[in-house]
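One file, run16.cif, carrying mmCIF, C-alpha atoms:
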```
data_target
loop_
_atom_site.label_atom_id
_atom_site.label_comp_id
_atom_site.auth_asym_id
_atom_site.auth_seq_id
_atom_site.Cartn_x
_atom_site.Cartn_y
_atom_site.Cartn_z
CA MET A 1 15.37 16.37 -18.45
CA SER A 2 16.15 13.90 -21.24
CA ALA A 3 15.35 10.21 -20.92
CA ALA A 4 19.07 9.41 -20.75
CA LEU A 5 19.61 11.79 -17.83
CA GLN A 6 16.53 10.49 -16.04
CA ASN A 7 17.80 6.93 -16.37
CA ALA A 8 21.25 7.95 -15.16
CA ALA A 9 19.70 9.68 -12.14
CA ALA A 10 17.60 6.60 -11.39
CA LYS A 11 20.68 4.39 -11.53
CA GLY A 12 22.42 6.77 -9.14
CA VAL A 13 19.54 6.58 -6.66
CA LEU A 14 19.53 2.77 -6.83
CA ALA A 15 23.29 2.68 -6.28
CA LEU A 16 22.81 4.86 -3.19
CA LEU A 17 20.07 2.56 -1.89
CA ARG A 18 22.41 -0.41 -2.32
CA VAL A 19 24.90 1.32 -0.04
CA VAL A 20 22.43 2.62 2.54
CA HIS A 21 20.56 -0.68 2.95
CA ARG A 22 23.63 -2.16 4.65
CA TRP A 23 23.53 0.44 7.43
CA PRO A 24 21.83 -0.27 10.76
CA LEU A 25 18.09 0.27 10.52
CA GLY A 26 18.18 2.96 13.19
CA VAL A 27 20.58 5.01 11.04
CA GLN A 28 18.41 4.49 7.98
CA ALA A 29 15.39 5.59 10.02
CA ARG A 30 17.04 8.88 10.97
CA LEU A 31 18.04 9.47 7.37
CA GLY A 32 14.47 8.74 6.23
CA TRP A 33 13.04 11.09 8.82
CA THR A 34 15.36 13.85 7.57
CA LEU A 35 14.30 13.17 3.99
CA GLY A 36 10.67 13.34 5.09
CA ALA A 37 11.21 16.75 6.68
CA LEU A 38 12.75 17.99 3.41
CA LEU A 39 9.85 16.59 1.39
CA HIS A 40 7.37 18.26 3.75
CA ALA A 41 9.08 21.58 3.14
CA LEU A 42 9.74 21.25 -0.59
CA ALA A 43 7.02 18.99 -2.03
CA ARG A 44 4.30 21.59 -1.61
CA ARG A 45 1.79 19.97 -3.93
CA ARG A 46 1.90 16.64 -2.12
CA ARG A 47 1.82 18.37 1.25
CA ARG A 48 -1.31 20.25 0.24
CA ILE A 49 -2.95 17.02 -0.96
CA ALA A 50 -2.21 15.38 2.39
CA GLU A 51 -3.52 18.40 4.28
CA ARG A 52 -6.68 18.44 2.19
CA ASN A 53 -7.27 14.74 2.77
CA LEU A 54 -6.94 15.18 6.53
CA ASP A 55 -9.27 18.20 6.43
CA LEU A 56 -11.89 16.11 4.60
CA CYS A 57 -11.56 12.97 6.70
CA PHE A 58 -11.14 14.52 10.15
CA PRO A 59 -12.97 17.87 10.14
CA ALA A 60 -13.61 17.64 13.89
CA TRP A 61 -9.94 17.50 14.72
CA PRO A 62 -8.22 20.76 15.66
CA ALA A 63 -6.32 22.16 12.68
CA GLU A 64 -2.99 21.84 14.47
CA ARG A 65 -3.57 18.13 15.08
CA ARG A 66 -4.21 17.57 11.39
CA ARG A 67 -1.07 19.50 10.44
CA ALA A 68 0.97 17.53 13.00
CA VAL A 69 -0.23 14.25 11.48
CA VAL A 70 0.79 15.51 8.03
CA ARG A 71 4.28 16.38 9.31
CA GLU A 72 4.62 12.96 10.91
CA HIS A 73 3.28 11.32 7.77
CA PHE A 74 6.09 12.81 5.70
CA GLY A 75 8.58 11.36 8.17
CA TRP A 76 7.16 7.87 7.62
CA LEU A 77 7.05 8.53 3.89
CA GLY A 78 10.74 9.43 3.92
CA ARG A 79 11.52 6.26 5.82
CA SER A 80 9.55 4.13 3.36
CA LEU A 81 11.62 5.57 0.50
CA VAL A 82 15.01 5.18 2.16
CA GLU A 83 14.25 1.68 3.45
CA ARG A 84 13.03 0.45 0.07
CA GLY A 85 16.62 -0.62 -0.55
CA LEU A 86 16.49 -2.84 2.52
CA LEU A 87 13.43 -4.63 1.13
CA TRP A 88 14.89 -4.93 -2.36
CA PHE A 89 18.46 -5.93 -1.57
CA ALA A 90 18.88 -7.26 2.00
CA PRO A 91 19.18 -11.02 2.52
CA ALA A 92 16.12 -12.91 3.73
CA GLU A 93 17.73 -13.65 7.11
CA ARG A 94 18.12 -9.96 7.91
CA LEU A 95 14.57 -9.18 6.82
CA LYS A 96 13.18 -11.97 8.99
CA SER A 97 14.99 -10.48 11.97
CA LEU A 98 13.28 -7.13 11.33
CA ILE A 99 9.76 -8.13 10.21
CA HIS A 100 7.58 -9.21 13.11
CA VAL A 101 4.46 -11.05 11.97
CA GLU A 102 1.33 -11.41 14.05
CA GLY A 103 -1.74 -13.54 13.47
CA ASP A 104 -2.34 -16.47 11.14
CA VAL A 105 0.33 -15.81 8.52
CA GLN A 106 -0.01 -19.33 7.10
CA PHE A 107 -3.77 -19.29 6.61
CA ALA A 108 -3.50 -18.99 2.81
CA GLU A 109 -0.98 -21.83 2.69
CA ARG A 110 -3.40 -24.16 4.51
CA HIS A 111 -6.60 -23.04 2.80
CA ASP A 112 -7.64 -25.12 -0.21
CA GLY A 113 -9.68 -22.45 -1.99
CA PRO A 114 -8.91 -18.98 -3.39
CA VAL A 115 -7.58 -16.38 -0.96
CA MET A 116 -7.38 -12.60 -1.23
CA TRP A 117 -5.02 -10.70 1.02
CA LEU A 118 -6.63 -7.28 1.47
CA VAL A 119 -3.78 -4.81 2.03
CA PRO A 120 -4.51 -1.09 2.54
CA HIS A 121 -2.02 1.58 1.49
CA PHE A 122 -0.03 2.13 4.64
CA MET A 123 3.63 3.14 4.48
CA GLY A 124 4.75 -0.42 5.22
CA LEU A 125 2.88 -1.84 2.24
CA ASP A 126 6.00 -3.34 0.63
CA VAL A 127 6.92 -4.94 3.95
CA ALA A 128 3.60 -6.80 3.87
CA GLY A 129 4.48 -8.08 0.40
CA VAL A 130 7.83 -9.39 1.62
CA ALA A 131 6.14 -11.05 4.62
CA THR A 132 3.79 -13.02 2.36
CA LEU A 133 6.83 -14.44 0.56
CA LEU A 134 9.08 -15.13 3.55
CA TYR A 135 6.63 -16.50 6.12
CA GLN A 136 4.30 -18.71 4.10
CA GLY A 137 4.60 -20.94 1.06
CA ARG A 138 1.58 -20.30 -1.13
CA TYR A 139 2.22 -18.81 -4.56
CA ALA A 140 1.24 -15.13 -4.69
CA ALA A 141 0.05 -12.73 -7.37
CA SER A 142 -0.42 -9.00 -7.27
CA ILE A 143 -0.98 -5.88 -9.35
CA TYR A 144 1.43 -2.96 -9.36
CA GLN A 145 1.49 0.54 -10.77
CA ARG A 146 3.99 0.61 -13.62
CA GLN A 147 6.64 3.31 -13.03
CA SER A 148 7.19 5.96 -15.69
CA ASN A 149 10.97 5.51 -15.48
CA PRO A 150 12.03 2.13 -16.92
CA VAL A 151 15.03 1.84 -14.59
CA PHE A 152 12.89 2.25 -11.48
CA ASP A 153 10.21 0.01 -12.96
CA ALA A 154 12.68 -2.80 -13.54
CA ALA A 155 14.15 -2.36 -10.05
CA MET A 156 10.71 -2.47 -8.45
CA ARG A 157 9.75 -5.64 -10.31
CA ALA A 158 13.06 -7.32 -9.49
CA GLY A 159 12.86 -6.28 -5.83
CA ARG A 160 9.33 -7.58 -5.38
CA LEU A 161 9.99 -10.87 -7.17
CA ARG A 162 13.49 -11.72 -5.94
CA PHE A 163 12.33 -14.37 -3.44
CA GLY A 164 10.39 -16.20 -6.15
CA ASN A 165 7.03 -17.86 -5.58
CA ALA A 166 5.16 -14.85 -6.98
CA GLU A 167 4.27 -12.88 -10.08
CA ILE A 168 3.04 -9.33 -10.54
CA PHE A 169 0.96 -7.74 -13.27
CA SER A 170 0.84 -4.14 -14.37
CA ARG A 171 -2.43 -2.35 -13.71
CA HIS A 172 -2.36 -1.35 -17.37
CA GLU A 173 -2.62 -4.97 -18.50
CA LYS A 174 -5.85 -6.88 -18.98
CA ALA A 175 -7.19 -8.82 -16.01
CA LEU A 176 -7.14 -12.22 -17.71
CA PRO A 177 -3.53 -13.21 -16.80
CA LEU A 178 -4.20 -12.35 -13.15
CA MET A 179 -7.43 -14.36 -13.14
CA ARG A 180 -5.60 -17.32 -14.63
CA ALA A 181 -2.95 -17.10 -11.91
CA ILE A 182 -5.63 -17.07 -9.20
CA LYS A 183 -7.41 -20.06 -10.75
CA ARG A 184 -4.07 -21.90 -10.81
CA GLY A 185 -3.89 -21.40 -7.05
CA ALA A 186 -2.18 -18.05 -6.44
CA ALA A 187 -3.25 -16.01 -3.44
CA PHE A 188 -4.11 -12.48 -4.56
CA PHE A 189 -2.30 -9.60 -2.82
CA ASN A 190 -4.90 -6.89 -3.41
CA LEU A 191 -4.66 -3.13 -2.79
CA PRO A 192 -8.25 -1.85 -2.63
CA ASP A 193 -8.02 1.81 -1.72
CA MET A 194 -6.84 4.06 -4.54
CA ASP A 195 -8.81 6.32 -6.88
CA PHE A 196 -8.47 4.99 -10.42
CA GLY A 197 -11.48 6.84 -11.78
CA ALA A 198 -15.16 6.03 -12.09
CA ARG A 199 -14.76 2.98 -14.34
CA ASP A 200 -15.67 -0.26 -12.50
CA ALA A 201 -16.04 1.78 -9.32
CA ALA A 202 -18.77 3.21 -7.13
CA PHE A 203 -18.84 6.28 -4.92
CA VAL A 204 -18.62 4.67 -1.51
CA PRO A 205 -18.20 6.71 1.69
CA PHE A 206 -14.68 7.00 3.06
CA PHE A 207 -14.78 8.93 6.33
CA GLY A 208 -18.14 10.22 5.15
CA VAL A 209 -16.85 11.55 1.83
CA PRO A 210 -17.94 9.79 -1.40
CA ALA A 211 -14.80 8.16 -2.83
CA ALA A 212 -14.45 6.37 -6.15
CA THR A 213 -13.75 2.85 -4.92
CA LEU A 214 -13.09 -0.20 -7.07
CA LEU A 215 -15.80 -2.86 -6.92
CA ALA A 216 -13.42 -5.57 -8.12
CA PRO A 217 -12.53 -6.96 -4.66
CA ALA A 218 -16.19 -7.61 -3.83
CA ARG A 219 -16.91 -8.96 -7.31
CA MET A 220 -13.90 -11.28 -7.28
CA ALA A 221 -14.62 -12.56 -3.80
CA ALA A 222 -18.19 -13.39 -4.85
CA SER A 223 -17.48 -14.88 -8.26
CA LEU A 224 -14.41 -16.93 -7.22
CA ARG A 225 -15.65 -17.71 -3.70
CA MET A 226 -12.52 -16.20 -2.23
CA VAL A 227 -11.80 -15.94 1.47
CA VAL A 228 -10.53 -12.44 2.30
CA GLN A 229 -7.76 -12.02 4.86
CA PRO A 230 -6.84 -8.43 5.76
CA VAL A 231 -3.12 -7.72 6.16
CA VAL A 232 -1.85 -4.46 7.67
CA ALA A 233 1.80 -3.39 7.83
CA GLU A 234 3.36 -0.85 10.19
CA ILE A 235 6.80 0.74 10.36
CA LEU A 236 8.03 0.69 13.95
CA PRO A 237 9.99 3.57 15.49
CA GLY A 238 13.76 3.77 15.16
CA GLY A 239 15.50 0.47 14.51
CA ALA A 240 12.71 -1.72 15.92
CA GLY A 241 11.74 -3.02 12.49
CA TYR A 242 8.28 -3.63 11.14
CA ARG A 243 5.02 -5.24 12.24
CA VAL A 244 2.76 -7.10 9.79
CA ARG A 245 -0.61 -8.20 11.16
CA PHE A 246 -2.40 -11.07 9.40
CA LEU A 247 -5.92 -10.50 10.69
CA PRO A 248 -8.74 -13.06 11.01
CA PRO A 249 -10.12 -14.05 7.60
CA TRP A 250 -13.52 -12.80 6.49
CA THR A 251 -15.22 -16.09 5.75
CA ASP A 252 -18.58 -14.39 5.15
CA PHE A 253 -17.49 -11.80 2.56
CA PRO A 254 -19.40 -10.50 0.68
CA GLY A 255 -22.14 -12.65 2.20
CA ALA A 256 -25.61 -11.33 1.55
CA ASP A 257 -24.31 -7.83 0.78
CA ASP A 258 -24.44 -6.47 -2.73
CA GLU A 259 -21.13 -5.30 -4.22
CA VAL A 260 -21.56 -1.69 -3.07
CA ALA A 261 -22.40 -2.67 0.52
CA ALA A 262 -19.49 -5.11 0.53
CA THR A 263 -17.16 -2.37 -0.74
CA ARG A 264 -18.42 -0.12 2.03
CA ARG A 265 -17.37 -2.85 4.46
CA ILE A 266 -13.83 -2.69 3.05
CA ASN A 267 -13.71 1.09 3.44
CA ALA A 268 -15.04 0.84 7.00
CA PHE A 269 -12.31 -1.65 7.85
CA ILE A 270 -9.64 0.69 6.44
CA GLU A 271 -11.11 3.60 8.41
CA GLY A 272 -10.70 1.58 11.59
CA GLU A 273 -7.09 0.79 10.82
CA ILE A 274 -6.36 4.44 10.02
CA ALA A 275 -7.82 5.40 13.40
CA ARG A 276 -5.19 3.12 14.99
CA ASN A 277 -2.29 4.64 13.04
CA PRO A 278 -3.33 7.78 11.13
CA ALA A 279 0.12 9.15 10.25
CA GLN A 280 1.21 6.05 8.30
CA TYR A 281 -1.66 6.00 5.82
CA LEU A 282 -0.94 7.17 2.25
CA TRP A 283 -2.35 10.68 2.55
CA VAL A 284 -0.33 12.08 -0.37
CA HIS A 285 -2.61 10.17 -2.78
CA ARG A 286 -5.61 12.10 -4.14
CA ARG A 287 -8.15 9.70 -2.70
CA PHE A 288 -11.06 11.97 -3.66
CA LYS A 289 -9.81 13.01 -7.10
CA THR A 290 -12.82 11.58 -8.98
CA ARG A 291 -16.10 13.27 -8.08
CA PRO A 292 -19.73 12.36 -8.66
CA LYS A 293 -21.22 14.12 -11.66
CA GLY A 294 -21.96 17.74 -10.87
CA GLU A 295 -19.81 17.92 -7.73
CA PRO A 296 -16.87 20.36 -7.61
CA LYS A 297 -13.27 19.20 -7.46
CA LEU A 298 -11.81 18.80 -3.98
CA TYR A 299 -8.13 19.52 -4.82
#
```
Go ahead and render the structure in this file as structure tokens.
Amino acid sequence: MSAALQNAAAKGVLALLRVVHRWPLGVQARLGWTLGALLHALARRRRRIAERNLDLCFPAWPAERRRAVVREHFGWLGRSLVERGLLWFAPAERLKSLIHVEGDVQFAERHDGPVMWLVPHFMGLDVAGVATLLYQGRYAASIYQRQSNPVFDAAMRAGRLRFGNAEIFSRHEKALPLMRAIKRGAAFFNLPDMDFGARDAAFVPFFGVPAATLLAPARMAASLRMVVQPVVAEILPGGAGYRVRFLPPWTDFPGADDEVAATRRINAFIEGEIARNPAQYLWVHRRFKTRPKGEPKLY
């Protein structure tokens, strides 16, 4: 497909999201669940990645349980795609009526020093980003994965920045602008759990499987004396909205641990949250793509 057709298709999808986001959330949820069922049936490559991840992380589970979690996961994935329009276009008042926050959401606003929000890749990830802008006043900074389509990329940037009080940096850029923003007082919305290769990473166990895991969160927390506050988002069933939990800050991170041990602590925390809500974790990502030297590929 030519670039012009791709851009036209992207504009069509965005126009559809602008229409759908006005519908009741329960209707959007049913539409998202239907889309998820279609993706489960048609997106075979992503389904196989999710199945492989579950096989690796939960080998003791019966096979049917793992497959059931994958099917449910695609339902939440479909919802996250359909409801992206709600997050990008709905007025703040409507979002506040749907996003239920728990815990100390204003910790970063009160804290004088650097703060890192540690946000694992659950399906409600973008809801957590909105919550940090709507429910507290500290300036925020984050990194995002630049989209290959320029229309979608621009829409994503505009949607995530439309409430102001924040800036985002492409993962392809150098780290210096982000570091400057943090030193100026921005709280860092950090996503610690994707495989970006072996560079600046270590093979740290994730459900017992060595996973290339970025060391940057531990290094930044140590060098900038950051307080780490985990934030976990959840999509609630039907039209009930979303839950974003601002968990107790880790005031002792990394403490006496070296950067690898501290990174293991992050992975252990994410494992615990996945155990609470396994179907909403981002299983379609190849979390174990990068392998230690000499080990066979897992996908």
- [ ] I would like the residues chosen by the PyMOL selection byres ((chain A and resi 181) around 12) on the shown file; could you give them as a PyMOL selection string?
- [x] chain A and resi 114-115+139-143+165-169+175-180+182-189
TODO: Point out the residue among A:Trp76, A:Val227, A:Met116, A:Arg52 with the least atom-to-atom distance to Lys297 of chain A, counting all atoms listed in the file.
DONE: A:Arg52
Open item on the list: Once the PyMOL selection byres ((chain A and resi 234) around 6) has been evaluated on this model, what residues remain selected, and can you format them as JSON, numbers by chain?
Closed with: {"A": [124, 233, 235, 242, 243]}
Open item on the list: Could you list, as a VMD selection string, every residue within 9 Å of segment 97-110 of chain A, counting only C-alpha atoms and ignoring same-chain residues fewer than 6 positions away?
Closed with: chain A and resid 25 116 to 117 127 to 128 130 to 132 135 to 139 187 227 229 239 to 249
Task: Point-to-point distance from atom CA of Glu271 of chain A to atom CA of Asn53 of chain A, Å rounded to tenths - done: 13.1 Å
Task: Selected residue, from A:Ala261, A:Leu224, A:Val20, A:Ala60, that lies nearest to Arg79 of chain A when counting all atoms listed in the file - done: A:Val20
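Here atom CA of Gly85 of chain A is placed at a distance of 8.9 Å from atom CA of Arg22 of chain A.
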Within 12 Å of segment 156-161 of chain A, which residues of segment 89-127 of chain A show up? Give each one with its shortest atom-to-atom distance in Å (one decimal) and the two atoms involved, counting all atoms listed in the file, rows by chain then rising residue number, as a tab-separated table.
```
residue	atom	partner	partner_atom	distance
A:Phe89	CA	A:Gly159	CA	7.0
A:Ala90	CA	A:Gly159	CA	9.9
A:Pro91	CA	A:Gly159	CA	11.5
A:Leu125	CA	A:Arg160	CA	11.5
A:Asp126	CA	A:Arg160	CA	8.1
A:Val127	CA	A:Arg160	CA	10.0
```
Task: Spatial neighbours of segment 214-223 of chain A, 9 Å, only C-alpha atoms, chain gap at least 5 places, as number ranges by chain - done: A: 114-116, 118, 190-203, 228, 253-255, 258-260, 262-263, 266
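Restricting the calculation to all atoms listed in the file, the smallest distance between Asn149 of chain A and any of A:Gln6, A:Asn277, A:Ser80, A:Thr34 is found for A:Gln6.
If you measure from each of A:Leu81, A:Ala92, A:Leu87, A:Val119 to Val13 of chain A using all atoms listed in the file, the closest one turns out to be A:Leu81.
Coordinates place atom CA of Gly208 of chain A at a distance of 15.2 Å from atom CA of Thr290 of chain A.
Nearest to Phe288 of chain A of all the residues A:Gln28, A:Thr213, A:Gln145, A:Ser2 is A:Thr213, counting all atoms listed in the file.
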Step by step, gather every atom of segment 261-280 of chain A that the file lists, find the box along x, y and z that holds them, add 6 Å on each side, and finally give centre and edge lengths in Å to one decimal, as JSON.
```
{"center_x": -10.6, "center_y": 2.0, "center_z": 7.1, "size_x": 35.6, "size_y": 26.3, "size_z": 27.7}
```
Written record: segment 94-122 of chain A, N, CA and C atoms, as an mmCIF file, in the first residue's frame:
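Done, and the output landed in out36.cif:
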```
data_model
loop_
_atom_site.group_PDB
_atom_site.id
_atom_site.type_symbol
_atom_site.label_atom_id
_atom_site.label_comp_id
_atom_site.auth_asym_id
_atom_site.auth_seq_id
_atom_site.Cartn_x
_atom_site.Cartn_y
_atom_site.Cartn_z
ATOM 1 N N ARG A 94 -15.663 14.115 31.422
ATOM 2 C CA ARG A 94 -16.132 12.755 31.187
ATOM 3 C C ARG A 94 -15.086 11.746 31.624
ATOM 4 N N LEU A 95 -13.820 12.019 31.326
ATOM 5 C CA LEU A 95 -12.767 11.091 31.719
ATOM 6 C C LEU A 95 -12.676 10.972 33.236
ATOM 7 N N LYS A 96 -12.823 12.074 33.935
ATOM 8 C CA LYS A 96 -12.777 12.011 35.399
ATOM 9 C C LYS A 96 -13.923 11.183 35.968
ATOM 10 N N SER A 97 -15.044 11.169 35.267
ATOM 11 C CA SER A 97 -16.174 10.353 35.748
ATOM 12 C C SER A 97 -15.939 8.865 35.510
ATOM 13 N N LEU A 98 -14.988 8.535 34.637
ATOM 14 C CA LEU A 98 -14.744 7.131 34.286
ATOM 15 C C LEU A 98 -13.466 6.572 34.901
ATOM 16 N N ILE A 99 -12.506 7.436 35.226
ATOM 17 C CA ILE A 99 -11.219 6.973 35.756
ATOM 18 C C ILE A 99 -11.256 7.069 37.272
ATOM 19 N N HIS A 100 -11.194 5.931 37.920
ATOM 20 C CA HIS A 100 -11.221 5.861 39.377
ATOM 21 C C HIS A 100 -9.793 5.679 39.883
ATOM 22 N N VAL A 101 -9.292 6.654 40.621
ATOM 23 C CA VAL A 101 -7.920 6.570 41.117
ATOM 24 C C VAL A 101 -7.924 6.083 42.567
ATOM 25 N N GLU A 102 -6.920 5.311 42.880
ATOM 26 C CA GLU A 102 -6.733 4.806 44.233
ATOM 27 C C GLU A 102 -5.310 5.106 44.673
ATOM 28 N N GLY A 103 -5.131 5.330 45.964
ATOM 29 C CA GLY A 103 -3.793 5.558 46.487
ATOM 30 C C GLY A 103 -3.412 7.035 46.446
ATOM 31 N N ASP A 104 -2.138 7.280 46.659
ATOM 32 C CA ASP A 104 -1.620 8.644 46.802
ATOM 33 C C ASP A 104 -1.286 9.228 45.440
ATOM 34 N N VAL A 105 -2.320 9.677 44.716
ATOM 35 C CA VAL A 105 -2.134 10.186 43.363
ATOM 36 C C VAL A 105 -1.341 11.489 43.356
ATOM 37 N N GLN A 106 -1.341 12.222 44.461
ATOM 38 C CA GLN A 106 -0.669 13.513 44.502
ATOM 39 C C GLN A 106 0.703 13.461 45.165
ATOM 40 N N PHE A 107 1.240 12.262 45.328
ATOM 41 C CA PHE A 107 2.562 12.154 45.950
ATOM 42 C C PHE A 107 3.610 12.958 45.186
ATOM 43 N N ALA A 108 3.663 12.790 43.854
ATOM 44 C CA ALA A 108 4.683 13.484 43.065
ATOM 45 C C ALA A 108 4.533 14.994 43.162
ATOM 46 N N GLU A 109 3.292 15.459 43.244
ATOM 47 C CA GLU A 109 3.043 16.899 43.339
ATOM 48 C C GLU A 109 3.609 17.466 44.645
ATOM 49 N N ARG A 110 3.524 16.691 45.725
ATOM 50 C CA ARG A 110 4.011 17.155 47.026
ATOM 51 C C ARG A 110 5.512 16.980 47.202
ATOM 52 N N HIS A 111 6.068 15.955 46.541
ATOM 53 C CA HIS A 111 7.461 15.597 46.786
ATOM 54 C C HIS A 111 8.403 16.609 46.135
ATOM 55 N N ASP A 112 9.419 17.037 46.872
ATOM 56 C CA ASP A 112 10.328 18.065 46.369
ATOM 57 C C ASP A 112 11.352 17.530 45.366
ATOM 58 N N GLY A 113 11.734 16.264 45.508
ATOM 59 C CA GLY A 113 12.782 15.714 44.664
ATOM 60 C C GLY A 113 12.250 15.009 43.434
ATOM 61 N N PRO A 114 13.151 14.405 42.636
ATOM 62 C CA PRO A 114 12.742 13.686 41.426
ATOM 63 C C PRO A 114 11.861 12.482 41.739
ATOM 64 N N VAL A 115 10.894 12.247 40.864
ATOM 65 C CA VAL A 115 9.961 11.128 41.015
ATOM 66 C C VAL A 115 9.876 10.367 39.700
ATOM 67 N N MET A 116 9.880 9.048 39.803
ATOM 68 C CA MET A 116 9.641 8.180 38.646
ATOM 69 C C MET A 116 8.365 7.389 38.883
ATOM 70 N N TRP A 117 7.390 7.576 37.988
ATOM 71 C CA TRP A 117 6.229 6.694 37.999
ATOM 72 C C TRP A 117 6.609 5.439 37.211
ATOM 73 N N LEU A 118 6.529 4.297 37.837
ATOM 74 C CA LEU A 118 6.898 3.029 37.202
ATOM 75 C C LEU A 118 5.616 2.354 36.734
ATOM 76 N N VAL A 119 5.416 2.286 35.407
ATOM 77 C CA VAL A 119 4.111 1.917 34.849
ATOM 78 C C VAL A 119 4.264 0.713 33.916
ATOM 79 N N PRO A 120 3.913 -0.488 34.370
ATOM 80 C CA PRO A 120 4.027 -1.668 33.496
ATOM 81 C C PRO A 120 3.022 -1.624 32.344
ATOM 82 N N HIS A 121 3.304 -2.449 31.330
ATOM 83 C CA HIS A 121 2.497 -2.461 30.109
ATOM 84 C C HIS A 121 1.231 -3.302 30.261
ATOM 85 N N PHE A 122 0.275 -2.758 30.995
ATOM 86 C CA PHE A 122 -1.061 -3.337 30.999
ATOM 87 C C PHE A 122 -1.920 -2.606 29.969
#
```
